[in-house]
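Below is one structure, written out as structure tokens, with a few remarks after it.
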Amino acid sequence: MEMLFFVLAVAVTNNTNNTEVSNIINSFKSIKYDKDRDIGPMEAAFFSIDIKNSSFKLFFRSNEIFHFTENGEEPSDVNVPSYVINQVLVDPVNPNLNLVVNNIINSSIEKGFKVISRKQTSINKINGYDCFQEVINGESEGVETRIIFTAINDGRRAVVITGSAKENFKENIKKFNEITSSLKFN
């Protein structure tokens with residue numbers, strides 16, 4: 001498989017002084033990078049999580065969404081638990097995390113998820129960051145589903161984490177919380 005790597009560098013100046021423009025061009029020409037450095041799939045993340053002891057591994061990433069599944073394998077069964085992290089820049093900088101979670105739940109309802117019950121957890125801080133967490137019992141495609149929504153904010157950015165399981169609820173929620181509790185903003 002051939003990998004493509006590129007960098008875009010842009011300079012904006014109002015100065016038309018040829019010396020300054022020449023210096024900018026020369027500084028671009030002096031950029032070097034380590035061709036042997038592995039660029040991991042989490043490189044674009046503004047957070048880090050510890051999954052080394054978890055059975056959940058990165059399945060795919062798309063834009064700012066990081067989707068984890070058991071062993072990082074493509075889910076072949078609708079009952080496979082999944083763990084999704086969505087990183088977002090927030091405006092205002094300190095959003096109402098409850099509202100953020102409600103918006104995601106409402107979006108899930110619009111896509112056919114049926115909410116049976118909702119329960120806010122007592123967790124309001126993770127690693128010193130403000131958070132809001134809610135567990136939803138519901139039904140997805142006729143199957144009992146439990147989803148834990150966690151929104152974490154560092155004052156500039158937010159991470160919204162969704163852990164979804166259709167069986168072994170207690171065990172899977174525990175696994176989701178173990179990963180979530182290791183989250184740190186970079």
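Here's how to read the names in the structure tokens: chain A, B, ... by the order shown, residue numbers from 1 in each chain, ligand numbers from 1 in the order shown.
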Practice problem: Identify all residues of chain A in helix (DSSP H, G or I) (DSSP on the backbone) and supply them as a ChimeraX atom specification. | Solution: /A:18-29,97-110,169-180
Name all residues at most 12 Å from Phe113 in chain A (count only C-alpha atoms; drop same-chain ones fewer than 6 positions away) and give them as a CSV table (one decimal) with N, CA and C atoms, in the first residue's frame.
```csv
chain,number,residue,atom,x,y,z
A,104,ILE,N,-26.6,15.2,20.8
A,104,ILE,CA,-26.2,13.9,20.2
A,104,ILE,C,-27.3,12.8,20.4
A,105,ILE,N,-27.8,12.8,21.6
A,105,ILE,CA,-28.9,11.9,21.9
A,105,ILE,C,-30.1,12.2,20.9
A,106,ASN,N,-30.5,13.4,20.8
A,106,ASN,CA,-31.5,13.8,19.9
A,106,ASN,C,-31.2,13.4,18.4
A,107,SER,N,-30.0,13.5,18.0
A,107,SER,CA,-29.6,13.1,16.7
A,107,SER,C,-29.8,11.6,16.5
A,136,ILE,N,-27.8,5.8,28.6
A,136,ILE,CA,-29.1,5.7,28.0
A,136,ILE,C,-29.4,4.2,27.8
A,137,ASN,N,-30.6,3.7,28.2
A,137,ASN,CA,-31.1,2.4,27.9
A,137,ASN,C,-32.1,2.6,26.8
A,138,GLY,N,-31.9,1.8,25.7
A,138,GLY,CA,-32.8,2.0,24.6
A,138,GLY,C,-32.9,0.8,23.7
A,139,GLU,N,-33.3,1.1,22.5
A,139,GLU,CA,-33.5,0.0,21.5
A,139,GLU,C,-33.0,0.6,20.2
A,140,SER,N,-32.2,-0.2,19.5
A,140,SER,CA,-31.7,0.1,18.2
A,140,SER,C,-31.9,-1.1,17.3
A,141,GLU,N,-32.7,-0.8,16.2
A,141,GLU,CA,-33.0,-1.9,15.3
A,141,GLU,C,-33.6,-3.1,16.0
A,142,GLY,N,-34.5,-2.8,17.0
A,142,GLY,CA,-35.2,-3.9,17.7
A,142,GLY,C,-34.3,-4.6,18.7
A,143,VAL,N,-33.1,-4.2,19.0
A,143,VAL,CA,-32.2,-4.8,19.9
A,143,VAL,C,-32.0,-3.9,21.1
A,144,GLU,N,-32.1,-4.5,22.3
A,144,GLU,CA,-31.8,-3.7,23.5
A,144,GLU,C,-30.4,-3.1,23.4
A,145,THR,N,-30.2,-1.9,23.7
A,145,THR,CA,-28.9,-1.2,23.6
A,145,THR,C,-28.7,-0.3,24.7
A,146,ARG,N,-27.5,-0.3,25.2
A,146,ARG,CA,-27.1,0.6,26.3
A,146,ARG,C,-25.9,1.5,25.7
A,147,ILE,N,-26.1,2.8,25.9
A,147,ILE,CA,-25.1,3.7,25.4
A,147,ILE,C,-24.7,4.7,26.5
A,164,SER,N,-21.2,2.1,23.0
A,164,SER,CA,-22.4,1.5,22.7
A,164,SER,C,-22.3,-0.1,22.8
```
Within 8 Å of Glu73 in chain A, counting only C-alpha atoms, which residues qualify if same-chain residues fewer than 3 places away don't, as a compact mmCIF listing (two decimals) with N, CA, C and O atoms, in the first residue's frame?
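around34.txt, written as the output of this step:
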```
# COMPACT_ATOMS: atom_id res chain seq x y z
N LYS A 57 -9.38 -1.49 20.17
CA LYS A 57 -8.29 -0.94 19.35
C LYS A 57 -8.92 -0.09 18.25
O LYS A 57 -10.08 -0.27 17.88
N PHE A 59 -10.32 1.06 15.06
CA PHE A 59 -10.85 0.41 13.87
C PHE A 59 -10.68 1.32 12.66
O PHE A 59 -10.17 0.92 11.64
N THR A 69 -13.10 -0.65 18.14
CA THR A 69 -13.89 -1.86 18.28
C THR A 69 -13.03 -2.91 18.98
O THR A 69 -11.81 -2.72 19.13
N GLU A 70 -13.66 -4.02 19.37
CA GLU A 70 -12.90 -5.12 19.98
C GLU A 70 -11.81 -5.55 19.00
O GLU A 70 -12.09 -5.84 17.84
```
Quiz item: How far is it from CA of Asn63 in chain A to CA of Ile39 in chain A, in Å with one decimal?
Solution: 15.6 Å
Exercise. Any chance you could list, as a count of residues only, the residues in range 8-185 of chain A that come up strand (DSSP E) when DSSP is run on the backbone?
Key: 66
Practice problem: Can you pull out every residue within 9 Å of Gly72 in chain A, counting only C-alpha atoms, but drop anything in the same chain fewer than 3 positions away, and send it as a VMD selection string? | Solution: chain A and resid 55 to 60 67 to 69 75
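Interatomic distance, CA of Gly40 in chain A to CA of Val7 in chain A: 15.5 Å.
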Exercise. Can you work out which one of A:Leu8, A:Ile126, A:Leu183, A:Ala158 has the shortest atom-to-atom distance to Leu89 in chain A, counting only C-alpha atoms?
Key: A:Ala158
Quiz item: Do you know which residues are at most 8 Å from range 166-179 of chain A counting only C-alpha atoms, after dropping those on the same chain fewer than 3 positions away, and could you put them as a PyMOL selection string?
Solution: chain A and resi 49-51+54+78-81+83+143-146+148+163+182-183
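The list of residues with at least one atom within 7 Å of Glu134 in chain A, based on only C-alpha atoms and without residues fewer than 5 positions apart in the same chain, reads A:Arg118, A:Lys119, A:Gln120, A:Thr121, A:Ile148, A:Phe149, A:Thr150.
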What would the file look like if the residues just selected were written as a compact mmCIF listing (two decimals), in the first residue's frame with C-alpha atoms?
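Saved the output as selection-v9.txt:
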```txt
# COMPACT_ATOMS: atom_id res chain seq x y z
CA ARG A 118 -31.83 7.99 30.88
CA LYS A 119 -29.62 8.34 33.93
CA GLN A 120 -26.95 10.96 34.56
CA THR A 121 -23.92 9.52 36.35
CA ILE A 148 -22.89 5.81 27.62
CA PHE A 149 -22.30 9.38 26.48
CA THR A 150 -19.43 11.34 27.98
```
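Here the question is which of A:Ser76, A:Asn124, A:Gln133, A:Gln87 gets nearest to Asn102 in chain A using only C-alpha atoms, and that residue is A:Gln133.
Note that the spacing between CA of Lys114 in chain A and CA of Ser82 in chain A amounts to 18.1 Å.
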